[in-house]
file target38.csv (CSV, C-alpha atoms)
chain,number,residue,atom,x,y,z
A,701,MET,CA,-3.9,-33.1,-44.2
A,702,CYS,CA,-3.2,-29.4,-44.6
A,703,GLY,CA,-0.6,-28.0,-42.3
A,704,ARG,CA,0.7,-25.0,-44.2
A,705,PHE,CA,-0.7,-22.7,-46.8
A,706,LEU,CA,-0.2,-19.2,-48.4
A,707,LEU,CA,-2.3,-16.2,-49.0
A,708,VAL,CA,-0.7,-13.4,-51.0
A,709,SER,CA,-3.8,-11.9,-52.6
A,710,SER,CA,-4.8,-8.6,-51.1
A,711,PRO,CA,-7.9,-8.2,-48.9
A,712,GLU,CA,-9.5,-6.1,-51.6
A,713,GLU,CA,-9.0,-8.9,-54.2
A,714,VAL,CA,-10.4,-11.5,-51.7
A,715,ALA,CA,-13.4,-9.3,-50.9
A,716,LYS,CA,-14.2,-8.8,-54.5
A,717,ILE,CA,-14.1,-12.5,-55.3
A,718,PHE,CA,-16.2,-13.6,-52.3
A,719,ARG,CA,-18.5,-10.5,-52.0
A,720,VAL,CA,-17.3,-9.6,-48.5
A,721,VAL,CA,-18.9,-6.6,-46.8
A,722,ASP,CA,-16.6,-4.0,-45.2
A,723,PRO,CA,-13.2,-5.5,-46.2
A,724,LEU,CA,-11.2,-3.1,-44.1
A,725,VAL,CA,-8.5,-5.4,-42.7
A,726,ASN,CA,-4.8,-4.8,-42.5
A,727,THR,CA,-3.0,-7.9,-43.8
A,728,ARG,CA,0.3,-8.5,-45.7
A,729,PRO,CA,1.1,-11.2,-48.2
A,730,ARG,CA,1.9,-14.4,-46.3
A,731,TYR,CA,3.8,-17.2,-47.8
A,732,ASN,CA,4.1,-19.6,-44.9
A,733,ILE,CA,0.9,-19.7,-42.7
A,734,ALA,CA,1.2,-22.2,-39.9
A,735,PRO,CA,-1.1,-23.8,-37.3
A,736,MET,CA,-1.8,-21.6,-34.2
A,737,GLN,CA,-1.4,-18.5,-36.2
A,738,ASP,CA,-4.2,-16.1,-37.0
A,739,VAL,CA,-5.7,-16.7,-40.5
A,740,LEU,CA,-8.0,-14.6,-42.6
A,741,ALA,CA,-11.4,-16.2,-42.9
A,742,ILE,CA,-14.9,-15.4,-44.3
A,743,ILE,CA,-17.9,-15.9,-42.0
A,744,ARG,CA,-21.5,-14.9,-42.0
A,745,GLU,CA,-22.2,-12.1,-39.5
A,746,GLU,CA,-25.4,-12.2,-37.4
A,747,PRO,CA,-28.0,-10.8,-37.6
A,748,MET,CA,-27.8,-9.5,-41.2
A,749,LYS,CA,-26.1,-12.6,-42.5
A,750,SER,CA,-23.5,-10.6,-44.4
A,751,ARG,CA,-20.2,-12.0,-45.4
A,752,VAL,CA,-17.4,-10.4,-43.4
A,753,PHE,CA,-13.7,-11.0,-42.7
A,754,ALA,CA,-12.6,-12.6,-39.4
A,755,ASN,CA,-9.2,-13.3,-38.0
A,756,LEU,CA,-9.4,-16.8,-36.6
A,757,ARG,CA,-6.6,-18.7,-34.8
A,758,TRP,CA,-5.9,-21.9,-36.8
A,759,GLY,CA,-6.6,-24.8,-34.5
A,760,LEU,CA,-10.2,-25.3,-33.4
A,761,VAL,CA,-11.2,-25.2,-29.8
A,762,PRO,CA,-14.7,-26.5,-29.2
A,763,HIS,CA,-16.9,-24.2,-27.2
A,764,TRP,CA,-17.2,-26.9,-24.5
A,765,ALA,CA,-13.5,-27.5,-24.0
A,766,LYS,CA,-12.0,-27.0,-20.5
A,767,ASP,CA,-9.0,-25.2,-21.9
A,768,SER,CA,-7.6,-24.1,-25.3
A,769,SER,CA,-4.6,-26.3,-25.4
A,770,GLY,CA,-6.2,-28.9,-27.7
A,771,GLY,CA,-6.5,-26.5,-30.6
A,772,ALA,CA,-3.1,-27.5,-31.9
A,773,LYS,CA,-4.4,-31.0,-32.5
A,774,LEU,CA,-7.5,-29.9,-34.4
A,775,ILE,CA,-6.0,-28.0,-37.4
A,776,ASN,CA,-7.9,-30.3,-39.7
A,777,ALA,CA,-11.3,-32.0,-39.7
A,778,ARG,CA,-12.0,-35.0,-41.8
A,779,GLY,CA,-15.0,-34.3,-44.0
A,780,GLU,CA,-16.2,-37.9,-43.6
A,781,THR,CA,-16.8,-37.5,-39.9
A,782,ILE,CA,-17.5,-33.9,-39.1
A,783,ALA,CA,-21.2,-34.4,-39.0
A,784,ASP,CA,-20.9,-36.8,-36.0
A,785,LYS,CA,-17.6,-36.0,-34.3
A,786,PRO,CA,-18.2,-34.1,-31.0
A,787,SER,CA,-15.3,-31.7,-31.7
A,788,PHE,CA,-16.8,-30.5,-35.0
A,789,ARG,CA,-20.5,-31.4,-35.4
A,790,ASP,CA,-21.9,-28.2,-33.8
A,791,ALA,CA,-19.6,-26.0,-35.9
A,792,TYR,CA,-20.5,-28.0,-39.0
A,793,ARG,CA,-24.2,-27.3,-38.4
A,794,ASN,CA,-23.9,-23.6,-37.4
A,795,ARG,CA,-20.4,-22.1,-38.0
A,796,ARG,CA,-19.0,-22.9,-41.4
A,797,CYS,CA,-16.4,-20.6,-42.9
A,798,VAL,CA,-14.2,-20.1,-45.9
A,799,ILE,CA,-10.5,-19.8,-45.6
A,800,PRO,CA,-9.0,-18.2,-48.8
A,801,ALA,CA,-5.7,-19.4,-50.0
A,802,ASP,CA,-3.5,-19.1,-53.0
A,803,GLY,CA,-2.0,-22.6,-52.5
A,804,PHE,CA,-0.9,-25.0,-49.9
A,805,TYR,CA,2.2,-27.1,-49.0
A,806,GLU,CA,2.6,-30.8,-48.4
A,807,TRP,CA,5.5,-33.0,-47.5
A,808,SER,CA,6.2,-36.4,-49.0
A,809,ARG,CA,5.6,-39.1,-46.5
A,810,GLU,CA,8.1,-41.7,-47.7
A,811,GLY,CA,11.9,-41.4,-47.6
A,812,ALA,CA,13.3,-37.9,-47.3
A,813,ARG,CA,10.6,-35.3,-46.4
A,814,ILE,CA,10.5,-33.2,-49.6
A,815,PRO,CA,8.2,-30.2,-49.6
A,816,PHE,CA,5.8,-29.5,-52.5
A,817,ALA,CA,3.5,-26.6,-53.3
A,818,VAL,CA,0.0,-27.2,-54.7
A,819,ALA,CA,-1.9,-24.6,-56.6
A,820,ARG,CA,-4.5,-24.2,-59.3
A,821,LYS,CA,-3.2,-24.2,-62.8
A,822,ASP,CA,-4.8,-20.8,-63.5
A,823,ARG,CA,-3.3,-19.5,-60.2
A,824,GLU,CA,-6.8,-18.4,-59.1
A,825,MET,CA,-7.7,-18.5,-55.4
A,826,MET,CA,-8.5,-21.7,-53.5
A,827,PRO,CA,-11.5,-21.3,-51.1
A,828,PHE,CA,-10.9,-23.9,-48.3
A,829,ALA,CA,-13.9,-25.2,-46.5
A,830,GLY,CA,-13.5,-24.5,-42.8
A,831,LEU,CA,-15.3,-24.5,-39.5
A,832,TRP,CA,-15.0,-22.0,-36.7
A,833,GLU,CA,-15.8,-21.7,-33.0
A,834,ARG,CA,-15.9,-19.3,-30.1
A,835,TRP,CA,-14.3,-20.4,-26.9
A,836,THR,CA,-14.4,-18.4,-23.6
A,837,ASP,CA,-11.9,-18.8,-20.8
A,838,ARG,CA,-14.1,-19.3,-17.7
A,839,ALA,CA,-11.4,-17.8,-15.4
A,840,SER,CA,-10.5,-14.7,-17.3
A,841,GLY,CA,-13.6,-14.2,-19.5
A,842,GLU,CA,-11.4,-13.9,-22.6
A,843,THR,CA,-13.0,-15.2,-25.8
A,844,ILE,CA,-11.0,-16.5,-28.7
A,845,ARG,CA,-12.2,-17.5,-32.2
A,846,THR,CA,-10.6,-20.5,-33.8
A,847,CYS,CA,-10.9,-22.5,-37.0
A,848,THR,CA,-10.1,-25.8,-38.7
A,849,ILE,CA,-9.6,-26.7,-42.4
A,850,VAL,CA,-11.8,-29.5,-43.6
A,851,THR,CA,-10.0,-32.3,-45.5
A,852,THR,CA,-11.0,-35.0,-47.9
A,853,THR,CA,-9.3,-37.9,-49.9
A,854,ALA,CA,-6.5,-36.7,-52.1
A,855,ASN,CA,-7.1,-36.5,-55.8
A,856,GLU,CA,-4.8,-38.1,-58.4
A,857,ILE,CA,-2.2,-35.3,-58.4
A,858,CYS,CA,-1.9,-35.0,-54.6
A,859,ALA,CA,-2.1,-38.7,-53.8
A,860,PRO,CA,1.6,-39.5,-54.6
A,861,ILE,CA,2.5,-37.0,-51.8
A,862,HIS,CA,-0.2,-37.5,-49.2
A,863,ASP,CA,-3.5,-39.3,-48.9
A,864,ARG,CA,-5.4,-36.2,-47.7
A,865,MET,CA,-6.0,-32.7,-49.1
A,866,PRO,CA,-8.1,-29.7,-48.1
A,867,VAL,CA,-11.6,-29.4,-49.4
A,868,ILE,CA,-11.4,-26.7,-52.1
A,869,LEU,CA,-14.8,-25.3,-52.9
A,870,ALA,CA,-15.9,-24.2,-56.3
A,871,LEU,CA,-16.9,-20.5,-56.3
A,872,ASP,CA,-20.5,-21.4,-57.1
A,873,ASP,CA,-20.5,-23.6,-53.9
A,874,VAL,CA,-19.2,-21.0,-51.5
A,875,GLY,CA,-22.7,-19.6,-50.7
A,876,ARG,CA,-24.1,-23.0,-49.9
A,877,TRP,CA,-21.2,-23.7,-47.6
A,878,LEU,CA,-21.5,-20.4,-45.8
A,879,GLY,CA,-25.2,-20.8,-45.4
A,880,ASP,CA,-26.4,-18.1,-47.7
A,881,GLU,CA,-29.4,-20.3,-48.2
A,882,PRO,CA,-30.5,-23.4,-46.3
A,883,ALA,CA,-28.8,-26.6,-47.4
A,884,ASP,CA,-29.8,-30.1,-46.4
A,885,PRO,CA,-27.2,-32.5,-45.0
A,886,ASP,CA,-26.8,-34.4,-48.3
A,887,ALA,CA,-26.2,-31.1,-50.2
A,888,LEU,CA,-23.5,-30.1,-47.8
A,889,ALA,CA,-21.8,-33.5,-47.7
A,890,ALA,CA,-21.7,-33.4,-51.5
A,891,LEU,CA,-19.3,-30.4,-51.3
A,892,LEU,CA,-16.7,-32.4,-49.3
A,893,ARG,CA,-15.0,-34.0,-52.4
A,894,PRO,CA,-11.6,-33.8,-53.9
A,895,TYR,CA,-10.9,-30.9,-56.2
A,896,PRO,CA,-10.4,-31.9,-59.9
A,897,ALA,CA,-6.8,-33.0,-60.4
A,898,ASN,CA,-6.7,-31.7,-64.0
A,899,GLU,CA,-7.1,-28.1,-62.7
A,900,MET,CA,-4.1,-28.3,-60.3
A,901,VAL,CA,-0.4,-28.3,-60.4
A,902,VAL,CA,2.2,-29.7,-57.9
A,903,PHE,CA,5.9,-28.8,-57.8
A,904,GLU,CA,8.8,-29.3,-55.5
A,905,ILE,CA,10.0,-26.3,-53.5
A,906,ASP,CA,12.9,-25.4,-51.3
A,907,LYS,CA,13.1,-27.0,-47.8
A,908,ARG,CA,13.3,-23.5,-46.3
A,909,VAL,CA,9.5,-23.7,-46.1
A,910,GLY,CA,9.9,-26.1,-43.2
A,911,ASN,CA,10.9,-23.2,-41.0
A,912,VAL,CA,7.9,-20.9,-40.2
A,913,ARG,CA,10.2,-18.0,-39.8
A,914,ASN,CA,10.8,-18.1,-43.5
A,915,ASP,CA,8.0,-16.1,-45.2
A,916,ASP,CA,8.9,-14.7,-48.6
A,917,PRO,CA,8.2,-15.1,-52.3
A,918,SER,CA,11.2,-17.4,-52.8
A,919,LEU,CA,9.3,-20.2,-51.0
A,920,ILE,CA,7.0,-20.8,-54.0
A,921,GLU,CA,9.8,-20.9,-56.6
A,922,PRO,CA,9.7,-24.4,-58.2
A,923,VAL,CA,12.7,-26.7,-57.7
A,924,ARG,CA,11.1,-29.1,-60.2
A,925,LYS,CA,7.6,-29.9,-61.4
A,926,LEU,CA,6.0,-33.1,-60.2
A,927,LEU,CA,2.8,-33.2,-62.2

call {"tool": "encode", "arguments": {"input": "target38.csv", "output": "structure tokens"}}
result
Amino acid sequence: MCGRFLLVSSPEEVAKIFRVVDPLVNTRPRYNIAPMQDVLAIIREEPMKSRVFANLRWGLVPHWAKDSSGGAKLINARGETIADKPSFRDAYRNRRCVIPADGFYEWSREGARIPFAVARKDREMMPFAGLWERWTDRASGETIRTCTIVTTTANEICAPIHDRMPVILALDDVGRWLGDEPADPDALAALLRPYPANEMVVFEIDKRVGNVRNDDPSLIEPVRKLL
């Protein structure tokens, strides 16, 4: 599962890494991004198929849903079932996105709920595999765009905390996930794997991260290193 993450890299840095066109967005460093908030994502814009930024609400609402209330339950999509599950299969085929992050948070499931931060050892960015949707309110005509983070089985460094983790794409795989070129189902499914554990670090952080109102650099200061 992935229920909190951080993005402190600037839009300019993200745009350079992911070759985003027209990166003119106004964002600030965010240390405690939570479900039902807007997140910065990268999508492919029709008809030119350019990579652009999009602000998407975290919690996917399928285009066929009667109302938007179910989004809070669909913040994650299991990679093993997204090709077939009605809530995700259309977005998986047609509206895949990348959600840039500098790390994510997870809480231990046994005993006292202790928060941990997970990052790359080199502190480079984590491109999460995501799906996005458009949903239109039939009464008001308002359209919202929402997203979900795809998850997979936890690797060896994350498994002591939780059995799931976000799908973190290699930079060379971002184009395939976004659909820069056609990819067959097997090629896409091959991307939905755990990130190498030897390239990651996990460390305990302060319990202040549990309150979404706390959003500052102190949240990622290690209390102690786990692995």

call {"tool": "atom_distance", "arguments": {"input": "target38.csv", "atom1": "atom CA of A:Leu878", "atom2": "atom CA of A:Phe816"}}
result
29.5 Å

call {"tool": "atom_distance", "arguments": {"input": "target38.csv", "atom1": "atom CA of A:Ala765", "atom2": "atom CA of A:Leu831"}}
result
15.9 Å

call {"tool": "residues_near_point", "arguments": {"input": "target38.csv", "point": "(-14.5, -11.5, -51.0)", "cutoff": "9 Å", "atoms": "all atoms listed in the file", "output": "ChimeraX atom specification"}}
result
/A:711-721,723,742,751-753,800

call {"tool": "closest_residue", "arguments": {"input": "target38.csv", "among": "A:Trp832, A:Thr852, A:Lys821, A:Arg744", "to": "A:Arg876", "atoms": "only C-alpha atoms"}}
result
A:Arg744

call {"tool": "atom_distance", "arguments": {"input": "target38.csv", "atom1": "atom CA of A:Leu756", "atom2": "atom CA of A:Glu824"}}
result
22.7 Å

call {"tool": "closest_residue", "arguments": {"input": "target38.csv", "among": "A:Arg845, A:Arg908, A:Arg823, A:Lys785", "to": "A:Leu707", "atoms": "all atoms listed in the file"}}
result
A:Arg823

call {"tool": "residues_around", "arguments": {"input": "target38.csv", "residues": "A:Arg796", "least_positions_apart": "6", "cutoff": "12 Å", "atoms": "only C-alpha atoms", "output": "count of residues only"}}
result
30

call {"tool": "closest_residue", "arguments": {"input": "target38.csv", "among": "A:Pro735, A:Pro786, A:Pro882, A:Pro922", "to": "A:Lys907", "atoms": "all atoms listed in the file"}}
result
A:Pro922

call {"tool": "closest_residue", "arguments": {"input": "target38.csv", "among": "A:Tyr792, A:Val725, A:Tyr731, A:Ile905", "to": "A:Arg778", "atoms": "only C-alpha atoms"}}
result
A:Tyr792

call {"tool": "residues_near_point", "arguments": {"input": "target38.csv", "point": "(-2.6, -42.0, -48.5)", "cutoff": "12 Å", "atoms": "only C-alpha atoms", "output": "NGL selection string"}}
result
:A and (701 or 808-810 or 852-865)

call {"tool": "write_last_selection", "arguments": {"input": "target38.csv", "atoms": "C-alpha atoms", "output": "PDB file, keeping the file's coordinate frame"}}
result
ATOM      1  CA  MET A 701      -3.900 -33.100 -44.200  1.00  0.00           C
ATOM      2  CA  SER A 808       6.200 -36.400 -49.000  1.00  0.00           C
ATOM      3  CA  ARG A 809       5.600 -39.100 -46.500  1.00  0.00           C
ATOM      4  CA  GLU A 810       8.100 -41.700 -47.700  1.00  0.00           C
ATOM      5  CA  THR A 852     -11.000 -35.000 -47.900  1.00  0.00           C
ATOM      6  CA  THR A 853      -9.300 -37.900 -49.900  1.00  0.00           C
ATOM      7  CA  ALA A 854      -6.500 -36.700 -52.100  1.00  0.00           C
ATOM      8  CA  ASN A 855      -7.100 -36.500 -55.800  1.00  0.00           C
ATOM      9  CA  GLU A 856      -4.800 -38.100 -58.400  1.00  0.00           C
ATOM     10  CA  ILE A 857      -2.200 -35.300 -58.400  1.00  0.00           C
ATOM     11  CA  CYS A 858      -1.900 -35.000 -54.600  1.00  0.00           C
ATOM     12  CA  ALA A 859      -2.100 -38.700 -53.800  1.00  0.00           C
ATOM     13  CA  PRO A 860       1.600 -39.500 -54.600  1.00  0.00           C
ATOM     14  CA  ILE A 861       2.500 -37.000 -51.800  1.00  0.00           C
ATOM     15  CA  HIS A 862      -0.200 -37.500 -49.200  1.00  0.00           C
ATOM     16  CA  ASP A 863      -3.500 -39.300 -48.900  1.00  0.00           C
ATOM     17  CA  ARG A 864      -5.400 -36.200 -47.700  1.00  0.00           C
ATOM     18  CA  MET A 865      -6.000 -32.700 -49.100  1.00  0.00           C
TER      19      MET A 865
END

call {"tool": "closest_residue", "arguments": {"input": "target38.csv", "among": "A:Asp738, A:Ala883, A:Asp784, A:Ala801", "to": "A:Ser709", "atoms": "only C-alpha atoms"}}
result
A:Ala801

call {"tool": "build_atoms", "arguments": {"input": "target38.csv", "residues": "stretch 815-841 of chain A", "atoms": "N, CA and C atoms", "output": "PDB file, keeping the file's coordinate frame"}}
result
ATOM      1  N   PRO A 815       9.348 -31.059 -49.575  1.00  0.00           N
ATOM      2  CA  PRO A 815       8.200 -30.200 -49.600  1.00  0.00           C
ATOM      3  C   PRO A 815       7.695 -29.909 -51.032  1.00  0.00           C
ATOM      4  N   PHE A 816       6.389 -29.841 -51.191  1.00  0.00           N
ATOM      5  CA  PHE A 816       5.800 -29.500 -52.500  1.00  0.00           C
ATOM      6  C   PHE A 816       4.750 -28.416 -52.280  1.00  0.00           C
ATOM      7  N   ALA A 817       4.596 -27.599 -53.290  1.00  0.00           N
ATOM      8  CA  ALA A 817       3.500 -26.600 -53.300  1.00  0.00           C
ATOM      9  C   ALA A 817       2.431 -27.105 -54.253  1.00  0.00           C
ATOM     10  N   VAL A 818       1.177 -26.841 -53.870  1.00  0.00           N
ATOM     11  CA  VAL A 818       0.000 -27.200 -54.700  1.00  0.00           C
ATOM     12  C   VAL A 818      -0.783 -25.980 -54.967  1.00  0.00           C
ATOM     13  N   ALA A 819      -1.104 -25.756 -56.236  1.00  0.00           N
ATOM     14  CA  ALA A 819      -1.900 -24.600 -56.600  1.00  0.00           C
ATOM     15  C   ALA A 819      -2.790 -24.927 -57.776  1.00  0.00           C
ATOM     16  N   ARG A 820      -3.687 -24.015 -58.091  1.00  0.00           N
ATOM     17  CA  ARG A 820      -4.500 -24.200 -59.300  1.00  0.00           C
ATOM     18  C   ARG A 820      -3.655 -23.827 -60.511  1.00  0.00           C
ATOM     19  N   LYS A 821      -3.909 -24.491 -61.612  1.00  0.00           N
ATOM     20  CA  LYS A 821      -3.200 -24.200 -62.800  1.00  0.00           C
ATOM     21  C   LYS A 821      -3.325 -22.767 -63.275  1.00  0.00           C
ATOM     22  N   ASP A 822      -4.523 -22.220 -63.085  1.00  0.00           N
ATOM     23  CA  ASP A 822      -4.800 -20.800 -63.500  1.00  0.00           C
ATOM     24  C   ASP A 822      -4.359 -19.824 -62.463  1.00  0.00           C
ATOM     25  N   ARG A 823      -3.823 -20.327 -61.325  1.00  0.00           N
ATOM     26  CA  ARG A 823      -3.300 -19.500 -60.200  1.00  0.00           C
ATOM     27  C   ARG A 823      -4.470 -18.669 -59.585  1.00  0.00           C
ATOM     28  N   GLU A 824      -5.703 -19.065 -59.804  1.00  0.00           N
ATOM     29  CA  GLU A 824      -6.800 -18.400 -59.100  1.00  0.00           C
ATOM     30  C   GLU A 824      -6.859 -18.916 -57.668  1.00  0.00           C
ATOM     31  N   MET A 825      -7.662 -18.256 -56.852  1.00  0.00           N
ATOM     32  CA  MET A 825      -7.700 -18.500 -55.400  1.00  0.00           C
ATOM     33  C   MET A 825      -8.367 -19.865 -55.106  1.00  0.00           C
ATOM     34  N   MET A 826      -7.939 -20.460 -53.999  1.00  0.00           N
ATOM     35  CA  MET A 826      -8.500 -21.700 -53.500  1.00  0.00           C
ATOM     36  C   MET A 826      -9.365 -21.364 -52.249  1.00  0.00           C
ATOM     37  N   PRO A 827     -10.675 -21.501 -52.295  1.00  0.00           N
ATOM     38  CA  PRO A 827     -11.500 -21.300 -51.100  1.00  0.00           C
ATOM     39  C   PRO A 827     -11.541 -22.634 -50.294  1.00  0.00           C
ATOM     40  N   PHE A 828     -10.809 -22.714 -49.187  1.00  0.00           N
ATOM     41  CA  PHE A 828     -10.900 -23.900 -48.300  1.00  0.00           C
ATOM     42  C   PHE A 828     -12.165 -23.902 -47.539  1.00  0.00           C
ATOM     43  N   ALA A 829     -12.794 -25.059 -47.432  1.00  0.00           N
ATOM     44  CA  ALA A 829     -13.900 -25.200 -46.500  1.00  0.00           C
ATOM     45  C   ALA A 829     -13.399 -25.290 -45.093  1.00  0.00           C
ATOM     46  N   GLY A 830     -13.976 -24.500 -44.193  1.00  0.00           N
ATOM     47  CA  GLY A 830     -13.500 -24.500 -42.800  1.00  0.00           C
ATOM     48  C   GLY A 830     -14.685 -24.461 -41.837  1.00  0.00           C
ATOM     49  N   LEU A 831     -14.363 -24.668 -40.577  1.00  0.00           N
ATOM     50  CA  LEU A 831     -15.300 -24.500 -39.500  1.00  0.00           C
ATOM     51  C   LEU A 831     -14.701 -23.593 -38.458  1.00  0.00           C
ATOM     52  N   TRP A 832     -15.556 -22.871 -37.724  1.00  0.00           N
ATOM     53  CA  TRP A 832     -15.000 -22.000 -36.700  1.00  0.00           C
ATOM     54  C   TRP A 832     -15.820 -22.063 -35.426  1.00  0.00           C
ATOM     55  N   GLU A 833     -15.182 -21.636 -34.336  1.00  0.00           N
ATOM     56  CA  GLU A 833     -15.800 -21.700 -33.000  1.00  0.00           C
ATOM     57  C   GLU A 833     -15.411 -20.504 -32.166  1.00  0.00           C
ATOM     58  N   ARG A 834     -16.243 -20.220 -31.182  1.00  0.00           N
ATOM     59  CA  ARG A 834     -15.900 -19.300 -30.100  1.00  0.00           C
ATOM     60  C   ARG A 834     -15.660 -20.087 -28.836  1.00  0.00           C
ATOM     61  N   TRP A 835     -14.578 -19.751 -28.137  1.00  0.00           N
ATOM     62  CA  TRP A 835     -14.300 -20.400 -26.900  1.00  0.00           C
ATOM     63  C   TRP A 835     -13.998 -19.330 -25.823  1.00  0.00           C
ATOM     64  N   THR A 836     -14.620 -19.435 -24.653  1.00  0.00           N
ATOM     65  CA  THR A 836     -14.400 -18.400 -23.600  1.00  0.00           C
ATOM     66  C   THR A 836     -13.733 -19.064 -22.396  1.00  0.00           C
ATOM     67  N   ASP A 837     -12.666 -18.430 -21.966  1.00  0.00           N
ATOM     68  CA  ASP A 837     -11.900 -18.800 -20.800  1.00  0.00           C
ATOM     69  C   ASP A 837     -12.787 -18.515 -19.546  1.00  0.00           C
ATOM     70  N   ARG A 838     -13.164 -19.529 -18.797  1.00  0.00           N
ATOM     71  CA  ARG A 838     -14.100 -19.300 -17.700  1.00  0.00           C
ATOM     72  C   ARG A 838     -13.391 -18.503 -16.549  1.00  0.00           C
ATOM     73  N   ALA A 839     -12.076 -18.565 -16.478  1.00  0.00           N
ATOM     74  CA  ALA A 839     -11.400 -17.800 -15.400  1.00  0.00           C
ATOM     75  C   ALA A 839     -11.224 -16.361 -15.747  1.00  0.00           C
ATOM     76  N   SER A 840     -10.781 -16.064 -16.976  1.00  0.00           N
ATOM     77  CA  SER A 840     -10.500 -14.700 -17.300  1.00  0.00           C
ATOM     78  C   SER A 840     -11.649 -13.999 -18.078  1.00  0.00           C
ATOM     79  N   GLY A 841     -12.539 -14.799 -18.648  1.00  0.00           N
ATOM     80  CA  GLY A 841     -13.600 -14.200 -19.500  1.00  0.00           C
ATOM     81  C   GLY A 841     -13.188 -13.912 -20.878  1.00  0.00           C
TER      82      GLY A 841
END
